[in-house]
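**Q** This structure is in structure tokens; I'll ask about it shortly.
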Amino acid sequence: MARKIVLTMLVAVLVFAPAVALLGSAVVNPAATGTCLPGGDSLIVGPVPDSLTTTTSDGHQITLDRTQLTHAATIITTGGRVDGVGRDGVVIALMAALTESRLRMLANTGAYPESGDYPNDGDGSDHDSLGLFQMRPAAGWGTVAQLMDPTYQAAAFYGGPTGPNYPSPRGLLDITGWRDMDPGEAAQAVEVSAHPDRYRAFQPVAETILTTLTTNSQPPTQVPEADRVVFPLPAGTWNKTSDFGPRIHPITGEVSFHTGTDYAAPDATPILAVADGRVVSTDTTPVYGGLIVIEHTIDALPVATAYAHIWPDDIHVSPGQIVAAGQHIGDVGSAGQSTGPHLHLEVRPGGPDQPPVDPVPWFNGHRPDDLDNPTATPGTPCAPSTAPPPDPPARTVDLGGSSRTGVEWDGP
Ligand SMILES: [Zn+2]
């Protein structure tokens, strides 16, 4: 009995030691914080107030009701899910929607009678324009059904490679140099309107809305359910070089427990979030190098994924940030205990403070492409598993070594 307890404790130390490394440092890399969120704050929305009164730059008082503020929350949340938007981009989007519709989802039953069948806040009559951003089906922004969806309109406004209309009509991210433009001009460039001054008047209103809705926001206790799992590296860029489990440590020569799977890939290869989720931490540690930890809800259960050996300047997300499946979160590096560029991937069912499992069978149970197949493509929706059996047993079973991670690289 005593021996069993000792063994149990030893195993517990082995599996939790890396968890301590994962969670031990709360220091946020300042370089990473500024990368995607220029304002340095999150785009997580807290409770939406019943009303908000503020003033435009030309002195007009404006009071927004809960419906309008809920649409603002949709614009903010959608911006937080699109790589490269940040608070600056969200302010521009809010300025555009305030100008175009006063943050109302406007149907246009004169041009499109069926638009009145969708939830709306009233009827507009400007040409064939619809919704928050007054987007026109005839200009290629989307169908009536698509444009009567506030989330779709927000995503279309932000645009970029993941936007629904890429590359045309252009969204904000498709406007070259938008960050260097006056926000009113940037909004005008997307809306292709003749009146940039109209947008500028709403800049203080947009900033007040953003600050109000994201101040005192508490991260949700449960991360929204992810609807798909994707591979964390682009197809054809990687080779699996080290399995999960006990192994001979490639640097120390001791037997140790490898808490993840290693994929060799060229330095600066994009690392992609494996599912929708929320960034728990972005740390730099001597062993892991730059480390991103993301928590997800998959099949109604919490699970954390971790991505290690990123160069500190190549972390593109911040703690608290909501990320989407396939989102570019960092780049492959060789920071920490590593002998060459690779991604060390960990999967921890239950959350970041729980023991890791072998990522290969976990992944194969959640998507059709497997983690042993270099042609596996990112972005493939989750489908019934056609997974091969889990990896063969680890090379040794001696758990006597110390626990280290992410140091092996024997690929080409
Ligand atoms: Zn590793």
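Please note that chains go A, B, ... in the order of the structure tokens, that every chain numbers its residues from 1, and that ligands are numbered from 1 in the order shown.
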Please identify all protein, DNA and RNA residues within 10 Å of ligand 1, counting only C-alpha atoms and all ligand atoms, and report them as a PyMOL selection string.
**A** chain A and resi 241-245+257-264+288+307-309+337-338+342-346+404-409
**Q** Write the residues of the selection above to a file with N, CA and C atoms, as a PDB file, in the first residue's frame.
**A**
```
ATOM      1  N   THR A 241       8.389  14.305 -34.920  1.00  0.00           N
ATOM      2  CA  THR A 241       9.740  13.880 -34.554  1.00  0.00           C
ATOM      3  C   THR A 241       9.836  13.263 -33.177  1.00  0.00           C
ATOM      4  N   SER A 242       8.813  13.421 -32.339  1.00  0.00           N
ATOM      5  CA  SER A 242       8.896  12.790 -31.023  1.00  0.00           C
ATOM      6  C   SER A 242       7.498  12.572 -30.480  1.00  0.00           C
ATOM      7  N   ASP A 243       7.249  11.335 -30.001  1.00  0.00           N
ATOM      8  CA  ASP A 243       5.933  10.984 -29.476  1.00  0.00           C
ATOM      9  C   ASP A 243       5.804  11.373 -28.011  1.00  0.00           C
ATOM     10  N   PHE A 244       4.551  11.392 -27.558  1.00  0.00           N
ATOM     11  CA  PHE A 244       4.207  11.535 -26.147  1.00  0.00           C
ATOM     12  C   PHE A 244       4.663  10.298 -25.393  1.00  0.00           C
ATOM     13  N   GLY A 245       5.137  10.494 -24.177  1.00  0.00           N
ATOM     14  CA  GLY A 245       5.432   9.366 -23.317  1.00  0.00           C
ATOM     15  C   GLY A 245       6.874   9.354 -22.854  1.00  0.00           C
ATOM     16  N   PHE A 257       9.788  11.992 -19.125  1.00  0.00           N
ATOM     17  CA  PHE A 257       8.444  11.819 -19.655  1.00  0.00           C
ATOM     18  C   PHE A 257       8.122  12.998 -20.567  1.00  0.00           C
ATOM     19  N   HIS A 258       7.856  12.691 -21.824  1.00  0.00           N
ATOM     20  CA  HIS A 258       7.561  13.734 -22.797  1.00  0.00           C
ATOM     21  C   HIS A 258       6.066  14.031 -22.748  1.00  0.00           C
ATOM     22  N   THR A 259       5.687  15.236 -22.366  1.00  0.00           N
ATOM     23  CA  THR A 259       4.292  15.562 -22.083  1.00  0.00           C
ATOM     24  C   THR A 259       3.508  16.021 -23.311  1.00  0.00           C
ATOM     25  N   GLY A 260       4.134  15.960 -24.473  1.00  0.00           N
ATOM     26  CA  GLY A 260       3.413  16.355 -25.685  1.00  0.00           C
ATOM     27  C   GLY A 260       3.961  15.614 -26.885  1.00  0.00           C
ATOM     28  N   THR A 261       3.636  16.104 -28.060  1.00  0.00           N
ATOM     29  CA  THR A 261       4.144  15.559 -29.313  1.00  0.00           C
ATOM     30  C   THR A 261       4.903  16.666 -30.034  1.00  0.00           C
ATOM     31  N   ASP A 262       6.031  16.305 -30.637  1.00  0.00           N
ATOM     32  CA  ASP A 262       6.852  17.298 -31.338  1.00  0.00           C
ATOM     33  C   ASP A 262       6.658  17.185 -32.844  1.00  0.00           C
ATOM     34  N   TYR A 263       6.494  18.348 -33.481  1.00  0.00           N
ATOM     35  CA  TYR A 263       6.394  18.425 -34.934  1.00  0.00           C
ATOM     36  C   TYR A 263       7.448  19.395 -35.439  1.00  0.00           C
ATOM     37  N   ALA A 264       8.448  18.873 -36.143  1.00  0.00           N
ATOM     38  CA  ALA A 264       9.459  19.747 -36.727  1.00  0.00           C
ATOM     39  C   ALA A 264       8.859  20.467 -37.916  1.00  0.00           C
ATOM     40  N   TYR A 288      10.034  25.653 -21.890  1.00  0.00           N
ATOM     41  CA  TYR A 288       9.089  25.702 -23.006  1.00  0.00           C
ATOM     42  C   TYR A 288       9.416  26.796 -24.015  1.00  0.00           C
ATOM     43  N   TYR A 307       1.147  25.250 -26.830  1.00  0.00           N
ATOM     44  CA  TYR A 307       2.001  25.350 -28.018  1.00  0.00           C
ATOM     45  C   TYR A 307       3.319  25.969 -27.552  1.00  0.00           C
ATOM     46  N   ALA A 308       4.435  25.245 -27.691  1.00  0.00           N
ATOM     47  CA  ALA A 308       5.690  25.673 -27.059  1.00  0.00           C
ATOM     48  C   ALA A 308       6.804  25.916 -28.069  1.00  0.00           C
ATOM     49  N   HIS A 309       7.856  26.555 -27.552  1.00  0.00           N
ATOM     50  CA  HIS A 309       9.126  26.865 -28.245  1.00  0.00           C
ATOM     51  C   HIS A 309       9.001  28.030 -29.215  1.00  0.00           C
ATOM     52  N   GLN A 337      14.264  24.809 -24.142  1.00  0.00           N
ATOM     53  CA  GLN A 337      15.077  23.609 -24.332  1.00  0.00           C
ATOM     54  C   GLN A 337      14.684  22.949 -25.645  1.00  0.00           C
ATOM     55  N   SER A 338      15.393  23.262 -26.679  1.00  0.00           N
ATOM     56  CA  SER A 338      15.047  22.806 -28.016  1.00  0.00           C
ATOM     57  C   SER A 338      16.314  22.791 -28.847  1.00  0.00           C
ATOM     58  N   HIS A 342      10.627  23.553 -33.892  1.00  0.00           N
ATOM     59  CA  HIS A 342       9.523  22.588 -33.869  1.00  0.00           C
ATOM     60  C   HIS A 342       8.406  23.106 -32.980  1.00  0.00           C
ATOM     61  N   LEU A 343       7.216  22.549 -33.189  1.00  0.00           N
ATOM     62  CA  LEU A 343       6.077  22.802 -32.306  1.00  0.00           C
ATOM     63  C   LEU A 343       5.965  21.644 -31.329  1.00  0.00           C
ATOM     64  N   HIS A 344       6.006  21.968 -30.045  1.00  0.00           N
ATOM     65  CA  HIS A 344       5.668  20.984 -29.008  1.00  0.00           C
ATOM     66  C   HIS A 344       4.214  21.242 -28.640  1.00  0.00           C
ATOM     67  N   LEU A 345       3.359  20.266 -28.924  1.00  0.00           N
ATOM     68  CA  LEU A 345       1.915  20.409 -28.719  1.00  0.00           C
ATOM     69  C   LEU A 345       1.479  19.547 -27.542  1.00  0.00           C
ATOM     70  N   GLU A 346       0.753  20.172 -26.615  1.00  0.00           N
ATOM     71  CA  GLU A 346       0.201  19.412 -25.486  1.00  0.00           C
ATOM     72  C   GLU A 346      -1.315  19.497 -25.486  1.00  0.00           C
ATOM     73  N   ARG A 404      10.566  16.554 -18.269  1.00  0.00           N
ATOM     74  CA  ARG A 404      10.921  17.711 -19.089  1.00  0.00           C
ATOM     75  C   ARG A 404      10.155  17.614 -20.388  1.00  0.00           C
ATOM     76  N   THR A 405      10.097  18.708 -21.065  1.00  0.00           N
ATOM     77  CA  THR A 405       9.306  18.712 -22.282  1.00  0.00           C
ATOM     78  C   THR A 405      10.029  19.435 -23.407  1.00  0.00           C
ATOM     79  N   GLY A 406       9.627  19.066 -24.594  1.00  0.00           N
ATOM     80  CA  GLY A 406       9.893  19.919 -25.738  1.00  0.00           C
ATOM     81  C   GLY A 406      11.342  20.080 -26.119  1.00  0.00           C
ATOM     82  N   VAL A 407      12.158  19.082 -25.868  1.00  0.00           N
ATOM     83  CA  VAL A 407      13.566  19.297 -26.141  1.00  0.00           C
ATOM     84  C   VAL A 407      14.050  18.469 -27.313  1.00  0.00           C
ATOM     85  N   GLU A 408      13.212  17.609 -27.833  1.00  0.00           N
ATOM     86  CA  GLU A 408      13.727  16.697 -28.848  1.00  0.00           C
ATOM     87  C   GLU A 408      13.432  17.206 -30.249  1.00  0.00           C
ATOM     88  N   TRP A 409      14.407  17.090 -31.078  1.00  0.00           N
ATOM     89  CA  TRP A 409      14.198  17.413 -32.482  1.00  0.00           C
ATOM     90  C   TRP A 409      15.118  16.529 -33.287  1.00  0.00           C
TER      91      TRP A 409
END
```
**Q** Please provide as a list in words all residues within 6 Å of A:Ile92, with the sequence filter that same-chain residues fewer than 3 positions apart are discarded (counting only C-alpha atoms).
**A**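 Near neighbours after the sequence-gap exclusion: Gly89, Met95, Pro183 and Ala187 of chain A.
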**Q** For atom CA of A:Val293 and atom CA of A:Tyr158, determine how far apart the two atoms are, in Å to one decimal place.
**A**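 Between atom CA of A:Val293 and atom CA of A:Tyr158 the gap is 26.1 Å.
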**Q** Tell me which protein, DNA and RNA residues are within 7 Å of stretch 76-78 of chain A, counting only C-alpha atoms, leaving out same-chain ones fewer than 4 positions away, and put them as a PDB file with C-alpha atoms, in the first residue's frame.
**A**
```pdb
ATOM      1  CA  LEU A  43     -12.133  42.481 -26.559  1.00  0.00           C
ATOM      2  CA  ILE A  44     -14.153  40.421 -24.100  1.00  0.00           C
ATOM      3  CA  VAL A  45     -17.558  41.973 -23.540  1.00  0.00           C
ATOM      4  CA  ALA A  72     -22.150  46.907 -30.558  1.00  0.00           C
ATOM      5  CA  VAL A  82     -10.485  38.142 -36.412  1.00  0.00           C
ATOM      6  CA  VAL A  90     -13.266  47.725 -33.568  1.00  0.00           C
ATOM      7  CA  THR A 151     -22.379  38.750 -37.040  1.00  0.00           C
ATOM      8  CA  ALA A 154     -19.427  42.571 -38.785  1.00  0.00           C
ATOM      9  CA  ALA A 155     -17.197  39.843 -40.254  1.00  0.00           C
TER      10      ALA A 155
END
```
**Q** From stretch 59-118 of chain A, collect each residue whose DSSP state is strand (DSSP E or B) and return the set as a ChimeraX atom specification.
**A** /A:61-65,107
**Q** Would you write out those residues with C-alpha atoms, as a PDB file, in the first residue's frame?
**A**
```
ATOM      1  CA  GLN A  61     -25.774  64.007 -27.243  1.00  0.00           C
ATOM      2  CA  ILE A  62     -26.723  60.467 -28.192  1.00  0.00           C
ATOM      3  CA  THR A  63     -28.404  57.824 -26.058  1.00  0.00           C
ATOM      4  CA  LEU A  64     -28.118  54.199 -27.111  1.00  0.00           C
ATOM      5  CA  ASP A  65     -30.522  51.548 -25.874  1.00  0.00           C
ATOM      6  CA  ALA A 107     -34.512  45.805 -43.071  1.00  0.00           C
TER       7      ALA A 107
END
```
**Q** At what distance in Å, to one decimal, does atom CA of A:Gln153 lie from atom CA of A:Ala93?
**A**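 Atom-to-atom, atom CA of A:Ala93 and atom CA of A:Gln153 are spaced 10.3 Å apart.
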**Q** Per DSSP on the backbone, what are the helix (DSSP H, G or I) residues of stretch 136-260 of chain A, as a ChimeraX atom specification?
**A** /A:137-139,144-147,150-158,172-174,178-180,183-191,196-200,203-214
**Q** Between A:Ala206, A:Gly177, A:Val303, A:Ala201, which has the minimum distance to A:Leu52 (counting only C-alpha atoms)?
**A**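 Looking only at the distances to A:Leu52, the closest residue turns out to be A:Ala206.
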**Q** With distances taken over only C-alpha atoms, which residue among A:Val91, A:Ile329, A:Ala235, A:Ala139 lies nearest A:Val279?
**A**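 Closest candidate: A:Ile329.
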**Q** Just how far from atom CA of A:Gly80 is atom CA of A:Asp353, in Å to one decimal?
**A**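 Taking atom CA of A:Asp353 and atom CA of A:Gly80, their separation equals 25.6 Å.
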**Q** List the neighbours of A:Ile271 out to 8 Å using only C-alpha atoms; skip same-chain residues closer than 5 positions along the sequence, and give me the result as a count of residues only.
**A** 9
**Q** Find the residue from A:Ser256, A:Tyr166, A:Glu100, A:Leu94 that sits nearest to A:Glu191; use only C-alpha atoms when measuring.
**A**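 Checking each of A:Ser256, A:Tyr166, A:Glu100, A:Leu94 against A:Glu191, counting only C-alpha atoms, the winner is A:Glu100.
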**Q** Find the residue from A:Gln203, A:Asn239, A:Thr176, A:Thr339 that sits nearest to A:Ile251; use only C-alpha atoms when measuring.
**A**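 Selected residue with least distance to A:Ile251: A:Thr339.
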**Q** Choose the residue, out of A:His366, A:Ala96, A:Ala273, A:Ala268, that has the smallest atom-to-atom separation from A:Glu185; count only C-alpha atoms.
**A**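 Nearest candidate to A:Glu185 out of A:His366, A:Ala96, A:Ala273, A:Ala268: A:Ala96.
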